file run-v5.txt (compact mmCIF, C-alpha atoms and all ligand atoms)
# COMPACT_ATOMS: atom_id res chain seq x y z
CA MET B 71 -6.42 -14.14 17.39
CA ALA B 72 -4.28 -14.50 14.28
CA SER B 73 -4.21 -11.38 12.12
CA ASN B 74 -4.12 -12.31 8.49
CA THR B 75 -7.60 -10.94 7.84
CA PHE B 76 -8.37 -7.29 7.14
CA GLY B 77 -11.79 -5.61 7.05
CA LYS B 78 -15.21 -6.38 8.58
CA SER B 79 -17.73 -6.32 5.71
CA PHE B 80 -15.23 -6.70 2.87
CA ALA B 81 -12.87 -9.07 4.63
CA VAL B 82 -9.60 -9.98 2.95
CA THR B 83 -7.51 -12.89 4.21
CA THR B 84 -4.10 -13.26 2.60
CA PHE B 85 -1.82 -16.28 2.75
CA GLY B 86 1.50 -17.45 1.38
CA GLU B 87 5.22 -16.83 1.58
CA SER B 88 7.60 -15.13 -0.83
CA HIS B 89 9.38 -18.38 -1.79
CA GLY B 90 6.48 -20.78 -1.31
CA PRO B 91 4.62 -22.23 -4.30
CA ALA B 92 2.02 -19.46 -4.35
CA ILE B 93 0.47 -16.51 -2.59
CA GLY B 94 -3.22 -15.84 -2.45
CA CYS B 95 -6.21 -14.30 -0.75
CA VAL B 96 -9.83 -14.98 0.05
CA ILE B 97 -12.23 -12.04 -0.08
CA ASP B 98 -15.45 -12.54 1.84
CA GLY B 99 -18.28 -10.03 1.56
CA CYS B 100 -17.80 -8.68 -1.95
CA PRO B 101 -21.15 -7.45 -3.27
CA PRO B 102 -22.64 -9.68 -5.99
CA GLY B 103 -22.99 -8.62 -9.61
CA LEU B 104 -19.65 -6.85 -10.06
CA ALA B 105 -18.05 -7.64 -13.42
CA LEU B 106 -14.70 -9.27 -12.66
CA ALA B 107 -12.07 -10.94 -14.85
CA PRO B 108 -8.33 -11.68 -14.47
CA GLU B 109 -7.59 -8.60 -16.66
CA ASP B 110 -9.04 -6.36 -13.95
CA PHE B 111 -6.00 -7.04 -11.77
CA ARG B 112 -3.32 -6.55 -14.41
CA HIS B 113 -2.90 -2.78 -14.41
CA ASP B 114 -2.31 -2.34 -10.68
CA LEU B 115 -0.27 -5.53 -10.34
CA GLU B 116 2.07 -4.35 -13.08
CA ARG B 117 2.41 -0.95 -11.42
CA ARG B 118 3.53 -2.74 -8.23
CA ALA B 119 5.63 -5.50 -9.80
CA THR B 120 9.36 -6.09 -9.48
CA GLY B 121 11.61 -6.37 -12.53
CA LYS B 122 10.04 -3.55 -14.53
CA THR B 123 12.83 -0.99 -14.27
CA ARG B 124 16.45 -0.94 -13.11
CA HIS B 125 15.34 0.99 -10.01
CA THR B 126 13.53 -1.93 -8.38
CA SER B 127 14.23 -5.58 -7.51
CA ALA B 128 15.15 -7.66 -10.58
CA ARG B 129 12.96 -10.63 -9.56
CA HIS B 130 10.68 -11.47 -12.51
CA GLU B 131 7.28 -12.65 -11.37
CA THR B 132 4.43 -12.96 -13.86
CA ASP B 133 1.83 -12.07 -11.21
CA GLU B 134 -0.92 -13.81 -13.18
CA VAL B 135 -4.10 -13.97 -11.10
CA GLU B 136 -6.17 -17.15 -11.08
CA ILE B 137 -9.75 -16.63 -9.89
CA LEU B 138 -10.63 -19.87 -8.10
CA SER B 139 -14.09 -19.04 -6.80
CA GLY B 140 -16.76 -16.40 -6.30
CA VAL B 141 -17.17 -15.42 -9.96
CA TYR B 142 -19.69 -16.94 -12.39
CA GLN B 143 -20.07 -15.87 -16.01
CA GLY B 144 -17.83 -12.88 -15.37
CA ARG B 145 -19.68 -11.53 -12.33
CA THR B 146 -19.11 -11.82 -8.61
CA THR B 147 -21.67 -14.08 -6.95
CA GLY B 148 -21.43 -12.80 -3.37
CA THR B 149 -19.61 -15.97 -2.28
CA PRO B 150 -15.94 -15.93 -1.20
CA ILE B 151 -13.58 -14.90 -3.98
CA ALA B 152 -10.33 -16.87 -3.88
CA LEU B 153 -7.39 -15.49 -5.84
CA LEU B 154 -4.08 -17.24 -6.44
CA ILE B 155 -0.74 -16.10 -7.86
CA ARG B 156 2.01 -18.67 -8.33
CA ASN B 157 5.56 -17.70 -7.40
CA VAL B 158 7.73 -18.49 -10.41
CA ASP B 159 11.05 -16.68 -9.85
CA ALA B 160 12.07 -17.18 -6.23
CA ARG B 161 15.85 -17.72 -5.82
CA SER B 162 16.14 -19.22 -2.37
CA LYS B 163 19.89 -19.83 -2.58
CA ASP B 164 20.36 -16.06 -2.03
CA TYR B 165 19.22 -16.73 1.53
CA GLY B 166 21.16 -19.96 2.20
CA ALA B 167 24.16 -18.35 3.90
CA ILE B 168 22.06 -16.12 6.17
CA SER B 169 19.29 -18.55 7.08
CA GLU B 170 20.42 -18.59 10.73
CA GLN B 171 21.39 -14.91 10.88
CA PHE B 172 19.19 -12.00 11.85
CA ARG B 173 19.15 -9.32 9.13
CA PRO B 174 19.19 -5.96 10.97
CA GLY B 175 16.11 -3.90 10.22
CA HIS B 176 14.13 -6.97 9.15
CA ALA B 177 11.51 -9.05 10.95
CA ASP B 178 13.89 -12.02 11.35
CA TYR B 179 14.67 -11.41 15.00
CA THR B 180 11.10 -10.67 16.04
CA TYR B 181 9.52 -13.57 14.10
CA TRP B 182 12.12 -15.89 15.62
CA HIS B 183 11.30 -14.76 19.14
CA LYS B 184 7.57 -14.85 18.53
CA TYR B 185 7.21 -18.21 16.75
CA GLY B 186 10.45 -20.07 17.50
CA ILE B 187 10.61 -21.02 13.82
CA ARG B 188 10.71 -18.98 10.61
CA ASP B 189 10.91 -19.36 6.85
CA PRO B 190 14.09 -17.43 6.00
CA ARG B 191 13.67 -17.70 2.22
CA GLY B 192 13.08 -14.16 1.02
CA GLY B 193 11.74 -13.16 4.41
CA GLY B 194 8.89 -15.68 4.12
CA ARG B 195 5.62 -14.16 5.24
CA SER B 196 7.23 -10.82 6.17
CA SER B 197 8.28 -10.22 2.55
CA ALA B 198 6.80 -7.34 0.57
CA ARG B 199 5.67 -10.04 -1.84
CA GLU B 200 2.56 -10.31 0.36
CA THR B 201 1.49 -6.85 -0.83
CA THR B 202 0.68 -8.39 -4.23
CA MET B 203 -2.52 -9.76 -2.76
CA ARG B 204 -3.42 -6.45 -1.15
CA VAL B 205 -3.15 -4.86 -4.59
CA ALA B 206 -5.25 -7.63 -6.16
CA ALA B 207 -8.00 -7.24 -3.54
CA GLY B 208 -7.65 -3.45 -3.81
CA ALA B 209 -8.32 -3.63 -7.55
CA ILE B 210 -11.75 -5.12 -6.80
CA ALA B 211 -12.39 -2.44 -4.16
CA LYS B 212 -11.37 0.34 -6.55
CA LYS B 213 -13.65 -1.00 -9.25
CA TRP B 214 -16.68 -1.21 -6.97
CA LEU B 215 -16.01 2.23 -5.48
CA ALA B 216 -15.72 3.79 -8.95
CA ASP B 217 -18.81 2.00 -10.32
CA HIS B 218 -21.07 2.66 -7.34
CA HIS B 219 -19.86 5.98 -5.97
CA GLY B 220 -17.57 7.57 -8.55
CA VAL B 221 -14.73 7.37 -6.01
CA ARG B 222 -11.22 7.59 -7.47
CA VAL B 223 -8.15 6.67 -5.42
CA ARG B 224 -4.85 8.05 -6.71
CA GLY B 225 -1.37 8.06 -5.22
CA PHE B 226 2.00 9.52 -6.06
CA LEU B 227 5.54 9.62 -4.71
CA SER B 228 5.76 12.85 -2.77
CA GLN B 229 9.36 12.49 -1.56
CA LEU B 230 12.33 10.34 -2.59
CA GLY B 231 15.13 10.56 -0.04
CA GLU B 232 15.78 14.32 0.25
CA ILE B 233 14.05 15.19 -3.04
CA THR B 234 10.58 16.76 -3.04
CA PRO B 235 8.37 17.60 -6.06
CA GLU B 236 8.73 21.06 -7.59
CA GLY B 237 5.11 20.85 -8.74
CA ILE B 238 2.16 18.47 -8.49
CA ASP B 239 0.40 17.28 -11.63
CA LEU B 240 -1.40 13.98 -11.06
CA ASP B 241 -1.76 13.49 -14.81
CA VAL B 242 1.99 12.84 -15.24
CA VAL B 243 2.29 10.30 -12.40
CA GLU B 244 1.60 7.23 -14.55
CA GLY B 245 4.07 8.38 -17.19
CA ASN B 246 7.26 7.64 -15.23
CA PRO B 247 8.59 4.70 -13.20
CA PHE B 248 8.65 6.68 -9.95
CA PHE B 249 4.99 7.78 -9.84
CA TRP B 250 6.45 11.27 -9.60
CA PRO B 251 4.09 14.22 -10.05
CA HIS B 252 6.55 16.60 -11.78
CA ALA B 253 7.85 15.28 -15.12
CA ALA B 254 10.79 17.70 -15.42
CA GLN B 255 12.46 16.17 -12.35
CA VAL B 256 12.39 12.56 -13.59
CA PRO B 257 15.91 12.62 -15.17
CA ALA B 258 17.31 13.89 -11.85
CA LEU B 259 15.54 11.05 -10.03
CA GLU B 260 17.03 8.51 -12.47
CA HIS B 261 20.48 9.93 -11.80
CA TYR B 262 19.91 9.93 -8.04
CA MET B 263 18.79 6.29 -8.02
CA ASP B 264 21.66 5.16 -10.28
CA ALA B 265 24.18 6.73 -7.91
CA LEU B 266 22.42 5.25 -4.88
CA ARG B 267 22.38 1.77 -6.40
CA LYS B 268 26.10 2.00 -7.17
CA SER B 269 26.81 2.99 -3.58
CA GLY B 270 24.97 -0.11 -2.31
CA ASP B 271 22.81 1.96 0.03
CA SER B 272 19.06 2.65 0.12
CA VAL B 273 16.70 5.55 0.92
CA GLY B 274 13.23 6.12 2.27
CA ALA B 275 10.25 7.67 0.54
CA ARG B 276 6.92 9.33 1.12
CA ILE B 277 3.73 8.52 -0.74
CA ASP B 278 0.58 10.65 -0.81
CA VAL B 279 -2.83 9.21 -1.60
CA VAL B 280 -5.89 11.26 -2.48
CA ALA B 281 -9.39 9.78 -2.78
CA ASP B 282 -12.00 11.95 -4.52
CA GLY B 283 -15.74 11.53 -4.73
CA LEU B 284 -16.50 10.24 -1.23
CA PRO B 285 -19.91 11.18 0.12
CA PRO B 286 -20.11 12.54 3.67
CA GLY B 287 -20.89 9.80 6.19
CA TRP B 288 -18.39 6.96 5.76
CA GLY B 289 -16.61 6.00 8.97
CA GLU B 290 -17.70 4.99 12.43
CA PRO B 291 -17.20 6.64 15.76
CA VAL B 292 -15.47 5.87 17.95
CA TYR B 293 -13.26 2.80 17.46
CA GLY B 294 -13.98 2.38 13.77
CA LYS B 295 -12.98 5.87 12.74
CA LEU B 296 -12.22 6.24 9.07
CA ASP B 297 -8.89 7.94 9.77
CA GLY B 298 -8.04 5.39 12.48
CA GLU B 299 -8.65 2.49 10.12
CA LEU B 300 -6.71 4.22 7.34
CA ALA B 301 -3.77 4.73 9.66
CA GLY B 302 -3.84 1.06 10.69
CA ALA B 303 -4.20 -0.14 7.11
CA LEU B 304 -1.36 1.98 5.77
CA MET B 305 0.84 1.25 8.76
CA SER B 306 0.41 -2.49 8.09
CA ILE B 307 2.33 -2.17 4.80
CA ASN B 308 5.92 -3.46 4.99
CA ALA B 309 8.49 -0.74 5.81
CA VAL B 310 5.94 1.94 6.75
CA LYS B 311 7.02 4.02 9.73
CA GLY B 312 4.55 6.91 9.69
CA VAL B 313 1.08 7.90 8.46
CA GLU B 314 -0.48 11.34 8.32
CA ILE B 315 -4.09 12.28 7.57
CA GLY B 316 -4.67 15.78 6.19
CA ASP B 317 -2.08 18.18 7.52
CA GLY B 318 -0.91 15.46 9.92
CA PHE B 319 2.05 16.47 12.08
CA ALA B 320 2.12 19.96 10.54
CA SER B 321 -1.14 20.56 12.45
CA VAL B 322 0.94 20.85 15.63
CA ALA B 323 2.30 24.27 14.64
CA SER B 324 -0.92 25.66 13.15
CA ARG B 325 -3.65 27.74 14.81
CA GLY B 326 -7.22 26.52 15.25
CA SER B 327 -8.46 29.64 13.49
CA GLU B 328 -6.70 28.53 10.32
CA HIS B 329 -6.84 24.75 10.71
CA ARG B 330 -10.63 24.44 11.00
CA ASP B 331 -11.90 24.36 7.44
CA HIS B 332 -14.42 27.19 7.05
CA MET B 333 -17.78 26.25 5.53
CA SER B 334 -20.11 28.24 3.32
CA HIS B 335 -22.52 27.63 0.43
CA ASP B 336 -19.48 27.95 -1.82
CA GLY B 337 -17.83 25.00 -0.14
CA PHE B 338 -15.13 24.27 2.42
CA ALA B 339 -12.51 27.02 2.23
CA SER B 340 -9.62 24.55 2.74
CA ASN B 341 -8.94 20.90 3.55
CA HIS B 342 -6.57 20.78 6.51
CA ALA B 343 -8.62 17.92 8.01
CA GLY B 344 -7.90 15.70 5.00
CA GLY B 345 -11.55 14.85 4.41
CA VAL B 346 -12.33 13.34 7.82
CA LEU B 347 -14.21 14.98 10.70
CA GLY B 348 -14.88 13.00 13.88
CA GLY B 349 -13.72 9.84 12.13
CA ILE B 350 -16.35 10.25 9.37
CA SER B 351 -15.83 11.38 5.78
CA SER B 352 -16.84 15.00 5.18
CA GLY B 353 -17.20 14.71 1.41
CA GLN B 354 -13.89 16.53 0.94
CA PRO B 355 -11.03 14.69 -0.78
CA LEU B 356 -9.39 12.20 1.56
CA ARG B 357 -5.68 12.98 1.97
CA CYS B 358 -3.14 10.53 3.45
CA SER B 359 0.63 10.61 3.50
CA VAL B 360 2.81 7.58 4.23
CA ALA B 361 6.50 7.38 5.25
CA PHE B 362 8.60 4.39 4.14
CA LYS B 363 11.92 3.57 5.77
CA PRO B 364 14.97 2.79 3.62
CA THR B 365 15.27 -0.86 2.57
CA SER B 366 17.23 -2.90 5.12
CA SER B 367 18.59 -5.50 2.65
CA LEU B 368 21.94 -4.06 1.51
CA ARG B 369 25.08 -5.56 0.08
CA LEU B 370 27.01 -3.36 2.55
CA PRO B 371 28.24 -5.52 5.49
CA VAL B 372 26.59 -5.01 8.88
CA ALA B 373 27.21 -6.36 12.35
CA SER B 374 24.58 -8.76 13.63
CA LEU B 375 23.89 -11.95 15.59
CA ASP B 376 22.86 -15.44 14.61
CA ILE B 377 20.25 -17.66 16.30
CA HIS B 378 22.99 -19.24 18.48
CA GLY B 379 24.04 -15.86 19.85
CA ASN B 380 27.28 -15.56 17.84
CA THR B 381 28.31 -12.21 16.37
CA VAL B 382 28.42 -12.24 12.58
CA GLU B 383 29.20 -9.86 9.75
CA LEU B 384 26.12 -10.10 7.55
CA VAL B 385 25.92 -9.30 3.84
CA THR B 386 22.65 -9.57 1.93
CA THR B 387 22.99 -10.75 -1.64
CA GLY B 388 20.13 -11.10 -4.12
CA ARG B 389 17.70 -8.80 -5.86
CA HIS B 390 16.53 -5.91 -3.71
CA ASP B 391 14.85 -2.53 -4.08
CA PRO B 392 17.13 0.42 -3.25
CA CYS B 393 13.92 2.25 -2.35
CA VAL B 394 10.82 0.23 -1.52
CA GLY B 395 8.67 3.34 -1.80
CA ILE B 396 9.19 3.54 -5.58
CA ARG B 397 6.70 0.78 -6.25
CA ALA B 398 4.56 1.24 -3.16
CA THR B 399 2.12 3.76 -4.65
CA PRO B 400 -0.34 1.07 -5.83
CA ILE B 401 -0.03 -0.67 -2.45
CA CYS B 402 -1.02 2.49 -0.57
CA GLU B 403 -3.88 3.10 -3.00
CA ALA B 404 -5.06 -0.49 -2.47
CA MET B 405 -5.10 -0.17 1.32
CA VAL B 406 -7.06 3.10 1.10
CA ALA B 407 -9.54 1.48 -1.32
CA LEU B 408 -9.96 -1.54 0.98
CA VAL B 409 -10.74 0.68 3.96
CA LEU B 410 -13.18 2.72 1.87
CA ILE B 411 -15.16 -0.23 0.47
CA ASP B 412 -15.34 -1.77 3.93
CA GLN B 413 -16.62 1.48 5.46
CA ALA B 414 -19.01 2.07 2.55
CA LEU B 415 -20.60 -1.36 3.02
CA ARG B 416 -20.81 -0.91 6.80
CA HIS B 417 -22.39 2.51 6.29
CA ARG B 418 -24.92 1.05 3.85
CA ALA B 419 -25.80 -1.71 6.33
CA GLN B 420 -26.49 0.57 9.27
CA CYS B 421 -27.39 3.95 7.79
CA GLY B 422 -28.59 3.18 4.27
CA ASP B 423 -32.05 4.59 5.11
CA VAL B 424 -30.85 7.91 6.52
CA GLY B 425 -32.01 10.81 4.33
CA HIS B 426 -30.09 14.02 3.74
CA ILE B 427 -31.20 16.70 6.14
CA THR B 428 -28.85 19.51 5.11
CA PRO B 429 -27.55 20.13 1.60
CA ARG B 430 -24.03 18.90 1.09
CA VAL B 431 -21.24 21.46 1.31
CA PRO B 432 -19.36 21.48 -1.98
CA SER B 433 -15.87 20.09 -1.83
CA HIS B 434 -12.84 22.37 -1.59
CA LYS B 435 -11.19 22.84 -4.99
CA PRO B 436 -7.44 23.10 -4.38
C1 LIG J 1 11.76 -8.48 -0.70
C2 LIG J 1 12.97 -8.90 -1.22
C3 LIG J 1 13.09 -9.32 -2.61
C4 LIG J 1 12.06 -8.63 -3.51
C5 LIG J 1 10.69 -8.88 -2.90
C6 LIG J 1 10.59 -8.21 -1.55
O1 LIG J 1 12.75 -10.69 -2.60
P1 LIG J 1 13.64 -11.84 -3.20
O2 LIG J 1 14.98 -11.72 -2.57
O3 LIG J 1 12.93 -13.07 -2.83
O4 LIG J 1 13.66 -11.59 -4.68
O5 LIG J 1 12.16 -9.15 -4.81
O6 LIG J 1 9.66 -8.36 -3.70
C7 LIG J 1 8.85 -9.20 -4.40
C8 LIG J 1 9.17 -10.44 -4.70
C9 LIG J 1 7.57 -8.61 -4.79
O7 LIG J 1 6.82 -9.22 -5.57
O8 LIG J 1 7.30 -7.49 -4.30
C10 LIG J 1 11.60 -8.22 0.73
O9 LIG J 1 12.57 -8.46 1.51
O10 LIG J 1 10.52 -7.80 1.20

call {"tool": "encode", "arguments": {"input": "run-v5.txt", "output": "structure tokens"}}
result
Amino acid sequence: MASNTFGKSFAVTTFGESHGPAIGCVIDGCPPGLALAPEDFRHDLERRATGKTRHTSARHETDEVEILSGVYQGRTTGTPIALLIRNVDARSKDYGAISEQFRPGHADYTYWHKYGIRDPRGGGRSSARETTMRVAAGAIAKKWLADHHGVRVRGFLSQLGEITPEGIDLDVVEGNPFFWPHAAQVPALEHYMDALRKSGDSVGARIDVVADGLPPGWGEPVYGKLDGELAGALMSINAVKGVEIGDGFASVASRGSEHRDHMSHDGFASNHAGGVLGGISSGQPLRCSVAFKPTSSLRLPVASLDIHGNTVELVTTGRHDPCVGIRATPICEAMVALVLIDQALRHRAQCGDVGHITPRVPSHKP
């Protein structure tokens, strides 16, 4: 009944709280023989980490991964992989004054009503700190997908508050702290975030993820649809309020004659579907878009209630992100990679013997 496990064939169970001694995960079902070392986690964990720029939370965690099991002589053995990261920079006194107050926009009120007890230090289990383990597990998934299928999962920030990219070049995304796809706009983003931070407020963001190299056939009708599982996976990230696949909500105003992606020997003429047909990958690039709400932890006072029913004026102190979306690109990529490896392994189990009847339609080149 409890829901701390994600995936069927590549099953990831995470545990831990933001201000507890450690966070961790157990991955059951990883194929054996994959080369794996603590360095394999570093790149994506650093992309996600706090304390790297002035635009994110100033908490300084080392995010060093300890591999406790499932790896022998540098290779996965097929047994459960346990990963641990120790929390080294939690500052629980920031939460002392509000430990009995409900922070509006946070999970405090709902956790309290559900469990009758909660760990208020840094939001406990509901903290975005939990996403560290998603990114760690996602790094394994990305590696296997790249090695075995040539699949590449890449994300970028596609909207920051009101600002949208004036061009998309995925090669510049890793060269700036926003994961922004148009380098010329980065100074304007810096300025925007500096002003926002000074004001004490926060903004939302949108992140796009594209996965290239998928074969046709991954995904399961009808309740295990690839797009359905992607939506659930992305929606499970803290602060996410919307997910689109392909053209998403823009599909509402389009015509079927244009939305269906025409097929010929030259390839699909377009990719409005976002790489999924009937819940199964078409071999086109997978396209997802994710909406993040603005961070709820603000130093600006807000009216609220405490656990005794008293009205309070609540102020959040501490080290918070003025836009959680800024460092959420690797988290979205990780969730996409986890869905893909899980579906790939399930596909291999059931349909690994199915031969190709019709030649594959080449992918649409945008
Ligand atoms: C978070 C609030 C802040 C962030 C934290 C997410 O926590 P704290 O007040 O304990 O420093 O620093 O992010 C991380 C620690 C992390 O590794 O992502 C929240 O409310 O979700």

call {"tool": "closest_residue", "arguments": {"input": "run-v5.txt", "among": "B:Leu240, B:Ile168, B:Ala216, B:Ala107", "to": "Gln143 of chain B", "atoms": "all atoms listed in the file"}}
result
B:Ala107

call {"tool": "residues_around", "arguments": {"input": "run-v5.txt", "residues": "Ile396 of chain B", "least_positions_apart": "2", "cutoff": "9 Å", "atoms": "only C-alpha atoms", "output": "number ranges by chain"}}
result
B: 118, 125-126, 227, 230, 247-249, 275, 277, 391-394, 398-399

call {"tool": "closest_atom_pairs", "arguments": {"input": "run-v5.txt", "of": "chain B", "to": "ligand LIG 1 (chain J)", "cutoff": "10 Å", "atoms": "only C-alpha atoms and all ligand atoms", "output": "JSON lines"}}
result
{"residue": "B:Glu87", "atom": "CA", "partner": "J:LIG1", "partner_atom": "O3", "distance": 9.6}
{"residue": "B:Ser88", "atom": "CA", "partner": "J:LIG1", "partner_atom": "O3", "distance": 6.1}
{"residue": "B:His89", "atom": "CA", "partner": "J:LIG1", "partner_atom": "O3", "distance": 6.5}
{"residue": "B:Leu115", "atom": "CA", "partner": "J:LIG1", "partner_atom": "O7", "distance": 9.3}
{"residue": "B:Arg118", "atom": "CA", "partner": "J:LIG1", "partner_atom": "O8", "distance": 7.2}
{"residue": "B:Ala119", "atom": "CA", "partner": "J:LIG1", "partner_atom": "O7", "distance": 5.8}
{"residue": "B:Thr120", "atom": "CA", "partner": "J:LIG1", "partner_atom": "O7", "distance": 5.6}
{"residue": "B:Gly121", "atom": "CA", "partner": "J:LIG1", "partner_atom": "O5", "distance": 8.2}
{"residue": "B:Thr126", "atom": "CA", "partner": "J:LIG1", "partner_atom": "O5", "distance": 8.2}
{"residue": "B:Ser127", "atom": "CA", "partner": "J:LIG1", "partner_atom": "O5", "distance": 4.9}
{"residue": "B:Ala128", "atom": "CA", "partner": "J:LIG1", "partner_atom": "O5", "distance": 6.7}
{"residue": "B:Arg129", "atom": "CA", "partner": "J:LIG1", "partner_atom": "O4", "distance": 5.0}
{"residue": "B:His130", "atom": "CA", "partner": "J:LIG1", "partner_atom": "C8", "distance": 8.0}
{"residue": "B:Glu131", "atom": "CA", "partner": "J:LIG1", "partner_atom": "O7", "distance": 6.8}
{"residue": "B:Thr132", "atom": "CA", "partner": "J:LIG1", "partner_atom": "O7", "distance": 9.4}
{"residue": "B:Asp133", "atom": "CA", "partner": "J:LIG1", "partner_atom": "O7", "distance": 8.1}
{"residue": "B:Asn157", "atom": "CA", "partner": "J:LIG1", "partner_atom": "C8", "distance": 8.5}
{"residue": "B:Val158", "atom": "CA", "partner": "J:LIG1", "partner_atom": "C8", "distance": 10.0}
{"residue": "B:Asp159", "atom": "CA", "partner": "J:LIG1", "partner_atom": "O4", "distance": 7.7}
{"residue": "B:Ala160", "atom": "CA", "partner": "J:LIG1", "partner_atom": "O3", "distance": 5.4}
{"residue": "B:Arg161", "atom": "CA", "partner": "J:LIG1", "partner_atom": "O3", "distance": 6.3}
{"residue": "B:Ser162", "atom": "CA", "partner": "J:LIG1", "partner_atom": "O3", "distance": 7.0}
{"residue": "B:Lys163", "atom": "CA", "partner": "J:LIG1", "partner_atom": "O2", "distance": 9.5}
{"residue": "B:Asp164", "atom": "CA", "partner": "J:LIG1", "partner_atom": "O2", "distance": 6.9}
{"residue": "B:Tyr165", "atom": "CA", "partner": "J:LIG1", "partner_atom": "O2", "distance": 7.7}
{"residue": "B:His176", "atom": "CA", "partner": "J:LIG1", "partner_atom": "O9", "distance": 7.9}
{"residue": "B:Ala177", "atom": "CA", "partner": "J:LIG1", "partner_atom": "O9", "distance": 9.5}
{"residue": "B:Pro190", "atom": "CA", "partner": "J:LIG1", "partner_atom": "O3", "distance": 9.9}
{"residue": "B:Arg191", "atom": "CA", "partner": "J:LIG1", "partner_atom": "O3", "distance": 6.9}
{"residue": "B:Gly192", "atom": "CA", "partner": "J:LIG1", "partner_atom": "O3", "distance": 4.0}
{"residue": "B:Gly193", "atom": "CA", "partner": "J:LIG1", "partner_atom": "O9", "distance": 5.6}
{"residue": "B:Gly194", "atom": "CA", "partner": "J:LIG1", "partner_atom": "O3", "distance": 8.5}
{"residue": "B:Arg195", "atom": "CA", "partner": "J:LIG1", "partner_atom": "O10", "distance": 9.0}
{"residue": "B:Ser196", "atom": "CA", "partner": "J:LIG1", "partner_atom": "O10", "distance": 6.7}
{"residue": "B:Ser197", "atom": "CA", "partner": "J:LIG1", "partner_atom": "O10", "distance": 3.6}
{"residue": "B:Ala198", "atom": "CA", "partner": "J:LIG1", "partner_atom": "O10", "distance": 3.8}
{"residue": "B:Arg199", "atom": "CA", "partner": "J:LIG1", "partner_atom": "C9", "distance": 3.8}
{"residue": "B:Glu200", "atom": "CA", "partner": "J:LIG1", "partner_atom": "O8", "distance": 7.2}
{"residue": "B:Thr201", "atom": "CA", "partner": "J:LIG1", "partner_atom": "O8", "distance": 6.8}
{"residue": "B:Thr202", "atom": "CA", "partner": "J:LIG1", "partner_atom": "O7", "distance": 6.3}
{"residue": "B:Met203", "atom": "CA", "partner": "J:LIG1", "partner_atom": "O7", "distance": 9.8}
{"residue": "B:Asn308", "atom": "CA", "partner": "J:LIG1", "partner_atom": "O10", "distance": 7.4}
{"residue": "B:Ala309", "atom": "CA", "partner": "J:LIG1", "partner_atom": "O10", "distance": 8.7}
{"residue": "B:Thr365", "atom": "CA", "partner": "J:LIG1", "partner_atom": "O9", "distance": 8.1}
{"residue": "B:Ser366", "atom": "CA", "partner": "J:LIG1", "partner_atom": "O9", "distance": 8.1}
{"residue": "B:Ser367", "atom": "CA", "partner": "J:LIG1", "partner_atom": "O9", "distance": 6.8}
{"residue": "B:Thr386", "atom": "CA", "partner": "J:LIG1", "partner_atom": "O2", "distance": 9.1}
{"residue": "B:Thr387", "atom": "CA", "partner": "J:LIG1", "partner_atom": "O2", "distance": 8.1}
{"residue": "B:Gly388", "atom": "CA", "partner": "J:LIG1", "partner_atom": "O2", "distance": 5.4}
{"residue": "B:Arg389", "atom": "CA", "partner": "J:LIG1", "partner_atom": "O4", "distance": 5.0}
{"residue": "B:His390", "atom": "CA", "partner": "J:LIG1", "partner_atom": "C3", "distance": 5.0}
{"residue": "B:Asp391", "atom": "CA", "partner": "J:LIG1", "partner_atom": "C4", "distance": 6.7}
{"residue": "B:Val394", "atom": "CA", "partner": "J:LIG1", "partner_atom": "C6", "distance": 8.4}
{"residue": "B:Arg397", "atom": "CA", "partner": "J:LIG1", "partner_atom": "O8", "distance": 8.5}
{"residue": "B:Ala398", "atom": "CA", "partner": "J:LIG1", "partner_atom": "O8", "distance": 9.2}

call {"tool": "closest_residue", "arguments": {"input": "run-v5.txt", "among": "B:Gly344, B:Gly175, B:Pro102, B:Gly349", "to": "Glu299 of chain B", "atoms": "only C-alpha atoms"}}
result
B:Gly349

call {"tool": "axis_aligned_box", "arguments": {"input": "run-v5.txt", "around": "segment 358-368 of chain B", "padding_each_side": "3 Å", "output": "lines of an AutoDock Vina configuration file"}}
result
center_x = 9.4
center_y = 2.6
center_z = 3.6
size_x = 31.1
size_y = 22.1
size_z = 10.3

call {"tool": "closest_residue", "arguments": {"input": "run-v5.txt", "among": "B:Ala72, B:Ala209, B:Ala254, B:Leu304", "to": "Ser359 of chain B", "atoms": "all atoms listed in the file"}}
result
B:Leu304

call {"tool": "closest_atom_pairs", "arguments": {"input": "run-v5.txt", "of": "segment 120-196 of chain B", "to": "segment 80-85 of chain B", "cutoff": "12 Å", "atoms": "all atoms listed in the file", "output": "JSON lines"}}
result
{"residue": "B:Gly148", "atom": "CA", "partner": "B:Phe80", "partner_atom": "CA", "distance": 10.7}
{"residue": "B:Thr149", "atom": "CA", "partner": "B:Phe80", "partner_atom": "CA", "distance": 11.5}
{"residue": "B:Pro150", "atom": "CA", "partner": "B:Ala81", "partner_atom": "CA", "distance": 9.5}
{"residue": "B:Ile151", "atom": "CA", "partner": "B:Val82", "partner_atom": "CA", "distance": 9.4}
{"residue": "B:Ala152", "atom": "CA", "partner": "B:Thr83", "partner_atom": "CA", "distance": 9.4}
{"residue": "B:Leu153", "atom": "CA", "partner": "B:Thr84", "partner_atom": "CA", "distance": 9.3}
{"residue": "B:Leu154", "atom": "CA", "partner": "B:Phe85", "partner_atom": "CA", "distance": 9.5}
{"residue": "B:Ile155", "atom": "CA", "partner": "B:Phe85", "partner_atom": "CA", "distance": 10.7}
{"residue": "B:Arg156", "atom": "CA", "partner": "B:Phe85", "partner_atom": "CA", "distance": 12.0}
{"residue": "B:Gly194", "atom": "CA", "partner": "B:Phe85", "partner_atom": "CA", "distance": 10.8}
{"residue": "B:Arg195", "atom": "CA", "partner": "B:Phe85", "partner_atom": "CA", "distance": 8.1}
{"residue": "B:Ser196", "atom": "CA", "partner": "B:Phe85", "partner_atom": "CA", "distance": 11.1}
